$ cat my_file_30.csv   # CSV, C-alpha atoms
chain,number,residue,atom,x,y,z
A,1055,MET,CA,0.0,0.0,0.0
A,1056,LEU,CA,2.8,2.4,0.9
A,1057,LYS,CA,4.5,1.6,-2.4
A,1058,THR,CA,1.3,2.6,-4.3
A,1059,LEU,CA,0.9,5.8,-2.4
A,1060,ARG,CA,4.6,6.8,-3.1
A,1061,GLN,CA,4.0,6.1,-6.8
A,1062,ILE,CA,0.9,8.3,-6.8
A,1063,ALA,CA,2.8,11.1,-5.0
A,1064,ARG,CA,5.7,10.8,-7.6
A,1065,VAL,CA,3.7,10.4,-10.8
A,1066,GLY,CA,0.4,11.9,-9.9
A,1067,LEU,CA,-3.0,10.6,-10.8
A,1068,ARG,CA,-3.3,9.6,-14.4
A,1069,ASP,CA,-6.7,10.2,-15.9
A,1070,GLU,CA,-8.3,10.5,-19.3
A,1071,PRO,CA,-7.4,13.6,-21.2
A,1072,TYR,CA,-9.9,16.4,-21.0
A,1073,PRO,CA,-12.5,16.3,-23.7
A,1074,ALA,CA,-12.5,18.9,-26.4
A,1075,PRO,CA,-14.7,21.8,-25.7
A,1076,ALA,CA,-18.3,21.1,-26.9
A,1077,THR,CA,-19.8,23.5,-29.4
A,1078,ASP,CA,-23.2,22.6,-28.2
A,1079,THR,CA,-23.7,23.3,-24.5
A,1080,PRO,CA,-26.8,22.1,-22.7
A,1081,GLU,CA,-28.0,25.6,-22.3
A,1082,LEU,CA,-27.7,26.3,-26.0
A,1083,LEU,CA,-29.5,23.1,-27.0
A,1084,GLN,CA,-32.3,23.8,-24.5
A,1085,ALA,CA,-32.8,27.3,-25.9
A,1086,GLN,CA,-32.9,25.9,-29.5
A,1087,ILE,CA,-35.5,23.2,-28.4
A,1088,TRP,CA,-37.7,25.9,-26.8
A,1089,GLN,CA,-37.3,28.2,-29.9
A,1090,VAL,CA,-38.2,25.3,-32.2
A,1091,LEU,CA,-41.2,24.1,-30.2
A,1092,GLY,CA,-42.4,27.3,-28.6
A,1093,ARG,CA,-44.1,25.1,-26.0
A,1094,ALA,CA,-43.4,22.2,-23.7
A,1095,ALA,CA,-42.5,18.8,-25.3
A,1096,CYS,CA,-43.6,15.5,-23.8
A,1097,LEU,CA,-41.4,12.4,-24.1
A,1098,ARG,CA,-42.4,8.8,-23.6
A,1099,TYR,CA,-39.3,6.6,-22.9
A,1100,VAL,CA,-39.5,2.8,-23.5
A,1101,ASP,CA,-36.7,0.4,-22.7
A,1102,ALA,CA,-37.2,-2.5,-25.1
A,1103,GLY,CA,-34.4,-4.8,-24.0
A,1104,SER,CA,-31.3,-2.8,-23.3
A,1105,CYS,CA,-28.4,-3.2,-20.8
A,1106,ASN,CA,-29.6,0.0,-19.1
A,1107,GLY,CA,-26.6,2.1,-20.3
A,1108,CYS,CA,-28.9,4.2,-22.4
A,1109,GLU,CA,-31.4,4.5,-19.6
A,1110,LEU,CA,-28.7,5.9,-17.3
A,1111,GLU,CA,-27.8,8.6,-19.8
A,1112,VAL,CA,-31.5,9.5,-20.3
A,1113,GLN,CA,-31.8,9.8,-16.5
A,1114,ALA,CA,-28.8,12.1,-16.5
A,1115,LEU,CA,-30.9,14.6,-18.6
A,1116,GLY,CA,-32.9,15.2,-15.4
A,1117,ASN,CA,-30.0,16.4,-13.3
A,1118,PRO,CA,-29.3,20.1,-12.7
A,1119,TYR,CA,-26.6,20.3,-15.3
A,1120,TYR,CA,-28.7,19.3,-18.2
A,1121,ASN,CA,-32.0,20.4,-16.7
A,1122,LEU,CA,-34.4,19.0,-19.2
A,1123,GLU,CA,-37.4,20.0,-17.2
A,1124,GLY,CA,-36.2,23.6,-17.2
A,1125,ALA,CA,-36.2,23.5,-21.0
A,1126,GLY,CA,-39.9,22.6,-21.0
A,1127,ILE,CA,-39.3,18.9,-21.9
A,1128,HIS,CA,-41.1,16.5,-19.7
A,1129,PHE,CA,-41.3,12.7,-19.5
A,1130,VAL,CA,-44.9,11.4,-19.4
A,1131,ALA,CA,-46.2,8.0,-18.2
A,1132,SER,CA,-48.9,7.8,-20.9
A,1133,PRO,CA,-48.2,7.6,-24.6
A,1134,ARG,CA,-51.5,9.5,-25.1
A,1135,HIS,CA,-49.7,12.6,-23.8
A,1136,ALA,CA,-46.4,12.1,-25.7
A,1137,ASP,CA,-45.1,14.0,-28.7
A,1138,VAL,CA,-41.9,12.0,-29.0
A,1139,LEU,CA,-41.3,8.3,-28.3
A,1140,LEU,CA,-37.7,7.4,-27.2
A,1141,VAL,CA,-36.8,3.8,-27.5
A,1142,SER,CA,-33.6,2.1,-26.4
A,1143,GLY,CA,-32.3,-1.5,-26.6
A,1144,ALA,CA,-32.4,-4.3,-29.1
A,1145,ILE,CA,-36.0,-4.9,-29.7
A,1146,THR,CA,-37.0,-8.2,-28.2
A,1147,HIS,CA,-39.9,-10.2,-29.7
A,1148,ASN,CA,-41.8,-9.8,-26.5
A,1149,MET,CA,-41.6,-6.0,-26.6
A,1150,ALA,CA,-42.6,-5.6,-30.3
A,1151,GLY,CA,-46.3,-5.7,-29.6
A,1152,ALA,CA,-46.0,-3.3,-26.7
A,1153,LEU,CA,-44.0,-0.8,-28.8
A,1154,ARG,CA,-46.6,-1.0,-31.6
A,1155,ALA,CA,-49.4,-0.4,-29.1
A,1156,THR,CA,-47.5,2.6,-27.5
A,1157,TYR,CA,-46.9,4.1,-31.0
A,1158,ASP,CA,-50.5,3.7,-32.0
A,1159,ALA,CA,-51.7,5.4,-28.8
A,1160,MET,CA,-49.7,8.5,-29.4
A,1161,PRO,CA,-51.5,11.5,-31.0
A,1162,GLU,CA,-50.4,13.0,-34.3
A,1163,PRO,CA,-47.8,14.4,-35.0
A,1164,LYS,CA,-45.7,11.8,-33.4
A,1165,ARG,CA,-42.0,11.2,-33.7
A,1166,VAL,CA,-39.8,8.1,-32.9
A,1167,VAL,CA,-36.2,8.4,-31.7
A,1168,ALA,CA,-34.0,5.3,-31.6
A,1169,ILE,CA,-31.5,5.7,-28.7
A,1170,GLY,CA,-28.2,3.8,-28.9
A,1171,ASP,CA,-26.7,1.3,-31.3
A,1172,CYS,CA,-29.0,-1.5,-30.1
A,1173,ALA,CA,-32.1,0.4,-31.1
A,1174,ALA,CA,-30.5,1.6,-34.3
A,1175,CYS,CA,-29.4,-1.7,-35.7
A,1176,GLY,CA,-29.5,-4.3,-33.0
A,1177,GLY,CA,-26.0,-3.5,-31.7
A,1178,ILE,CA,-24.0,-6.4,-30.4
A,1179,PHE,CA,-27.2,-8.5,-30.1
A,1180,GLY,CA,-28.2,-8.2,-33.8
A,1181,ALA,CA,-31.2,-10.2,-34.9
A,1182,GLY,CA,-31.7,-13.6,-33.4
A,1183,TYR,CA,-34.1,-15.9,-31.6
A,1184,ALA,CA,-34.8,-13.3,-28.9
A,1185,THR,CA,-34.3,-10.0,-30.7
A,1186,LEU,CA,-35.7,-8.4,-33.9
A,1187,GLY,CA,-32.7,-6.1,-34.3
A,1188,GLY,CA,-33.2,-2.4,-34.9
A,1189,LEU,CA,-36.3,-0.4,-34.1
A,1190,ASP,CA,-36.9,0.4,-37.8
A,1191,LYS,CA,-38.1,-3.2,-38.4
A,1192,ILE,CA,-41.4,-2.4,-36.5
A,1193,LEU,CA,-41.8,1.4,-36.3
A,1194,PRO,CA,-40.9,4.3,-38.6
A,1195,VAL,CA,-37.8,5.9,-37.0
A,1196,ASP,CA,-37.4,9.7,-37.4
A,1197,VAL,CA,-34.1,10.2,-35.6
A,1198,THR,CA,-31.4,7.8,-34.7
A,1199,ILE,CA,-28.9,8.6,-31.9
A,1200,HIS,CA,-25.8,6.4,-32.3
A,1201,GLY,CA,-23.5,5.5,-29.4
A,1202,CYS,CA,-23.1,2.8,-26.8
A,1203,PRO,CA,-24.5,4.6,-24.8
A,1204,PRO,CA,-24.9,8.0,-26.4
A,1205,THR,CA,-23.9,11.0,-24.3
A,1206,PRO,CA,-26.6,13.3,-22.8
A,1207,VAL,CA,-25.5,16.0,-25.2
A,1208,ALA,CA,-26.1,13.6,-28.1
A,1209,LEU,CA,-29.5,12.8,-26.6
A,1210,LEU,CA,-30.3,16.5,-26.4
A,1211,ARG,CA,-29.3,17.0,-30.1
A,1212,GLY,CA,-31.5,14.0,-31.1
A,1213,ILE,CA,-34.5,15.4,-29.1
A,1214,LEU,CA,-33.9,18.8,-30.8
A,1215,ALA,CA,-33.9,17.1,-34.2
A,1216,ALA,CA,-37.2,15.3,-33.3
A,1217,ALA,CA,-38.7,18.5,-31.9
A,1218,ALA,CA,-37.8,20.3,-35.2
A,1219,ARG,CA,-39.7,17.7,-37.1
A,1220,VAL,CA,-42.7,17.9,-34.8
A,1221,ALA,CA,-42.8,21.7,-35.2
A,1222,VAL,CA,-42.9,21.5,-39.0

$ encode --input "my_file_30.csv" --output "structure tokens"
Amino acid sequence: MLKTLRQIARVGLRDEPYPAPATDTPELLQAQIWQVLGRAACLRYVDAGSCNGCELEVQALGNPYYNLEGAGIHFVASPRHADVLLVSGAITHNMAGALRATYDAMPEPKRVVAIGDCAACGGIFGAGYATLGGLDKILPVDVTIHGCPPTPVALLRGILAAAARVAV
């Protein structure tokens, strides 16, 4: 233990390099979303068989740094109140019917966002005995957010793109 502490004192803590400065800050993206919509947006999130990595990033949007609620974007429990359907995970056969029912219950205009590589194309799971693969096999996808998992800023960009299509 003492050897490790000496090494830390001599070398310092090695960490990942700082990321490049983002051109899209959460505040800027929130302002753009509000400008595009001009009103509150309601999101319905469905996990269709993911590892929960994407779910953790979606939950991060609710923290004070990203402040999704402050931008007028709310998660709703009922698809009848949703403008945008967010789906993550490789689509399992058991969830296909539930996703179709959720999509059919949404009012027009409705948009679908595929979150992560699994929802985009099946990811590492692909299509098999338990999974259908990407979300586009059962629903029309308007925006795809790639990444495993995608960052919260990427999620905000995707929500902005979906909101822009709703406003049109």

$ closest_residue --input "my_file_30.csv" --among "A:Val1065, A:Leu1210, A:Ile1192, A:Met1149" --to "Ile1169 of chain A" --atoms "all atoms listed in the file"
A:Leu1210

$ closest_residue --input "my_file_30.csv" --among "A:Val1166, A:Ile1213, A:Leu1110, A:Ile1062" --to "Ala1125 of chain A" --atoms "all atoms listed in the file"
A:Ile1213

$ atom_distance --input "my_file_30.csv" --atom1 "atom CA of Val1207 of chain A" --atom2 "atom CA of Gly1170 of chain A"
13.0 Å

$ closest_residue --input "my_file_30.csv" --among "A:Asp1137, A:Asp1190, A:Glu1111, A:Glu1123" --to "Pro1204 of chain A" --atoms "all atoms listed in the file"
A:Glu1111

$ residues_around --input "my_file_30.csv" --residues "Pro1161 of chain A" --least-positions-apart "5" --cutoff "9 Å" --atoms "all atoms listed in the file" --output "list in words"
Pro1133, Arg1134, His1135, Ala1136 and Asp1137 of chain A

$ closest_residue --input "my_file_30.csv" --among "A:Thr1198, A:Thr1156, A:Gln1089, A:Asn1148" --to "Gly1126 of chain A" --atoms "all atoms listed in the file"
A:Gln1089

$ closest_residue --input "my_file_30.csv" --among "A:Arg1154, A:Arg1098, A:His1128, A:Arg1064" --to "Lys1191 of chain A" --atoms "all atoms listed in the file"
A:Arg1154

$ atom_distance --input "my_file_30.csv" --atom1 "atom CA of Ile1199 of chain A" --atom2 "atom CA of Ala1173 of chain A"
8.8 Å

$ closest_residue --input "my_file_30.csv" --among "A:Ala1085, A:Ile1145, A:Ile1127, A:Leu1059" --to "Gly1187 of chain A" --atoms "only C-alpha atoms"
A:Ile1145

$ residues_near_point --input "my_file_30.csv" --point "(-26.1, -3.1, -35.5)" --cutoff "12 Å" --atoms "all atoms listed in the file" --output "NGL selection string"
:A and (1143-1145 or 1170-1181 or 1185-1190 or 1200-1202)

$ atom_distance --input "my_file_30.csv" --atom1 "atom CA of Ala1095 of chain A" --atom2 "atom CA of Ala1217 of chain A"
7.6 Å
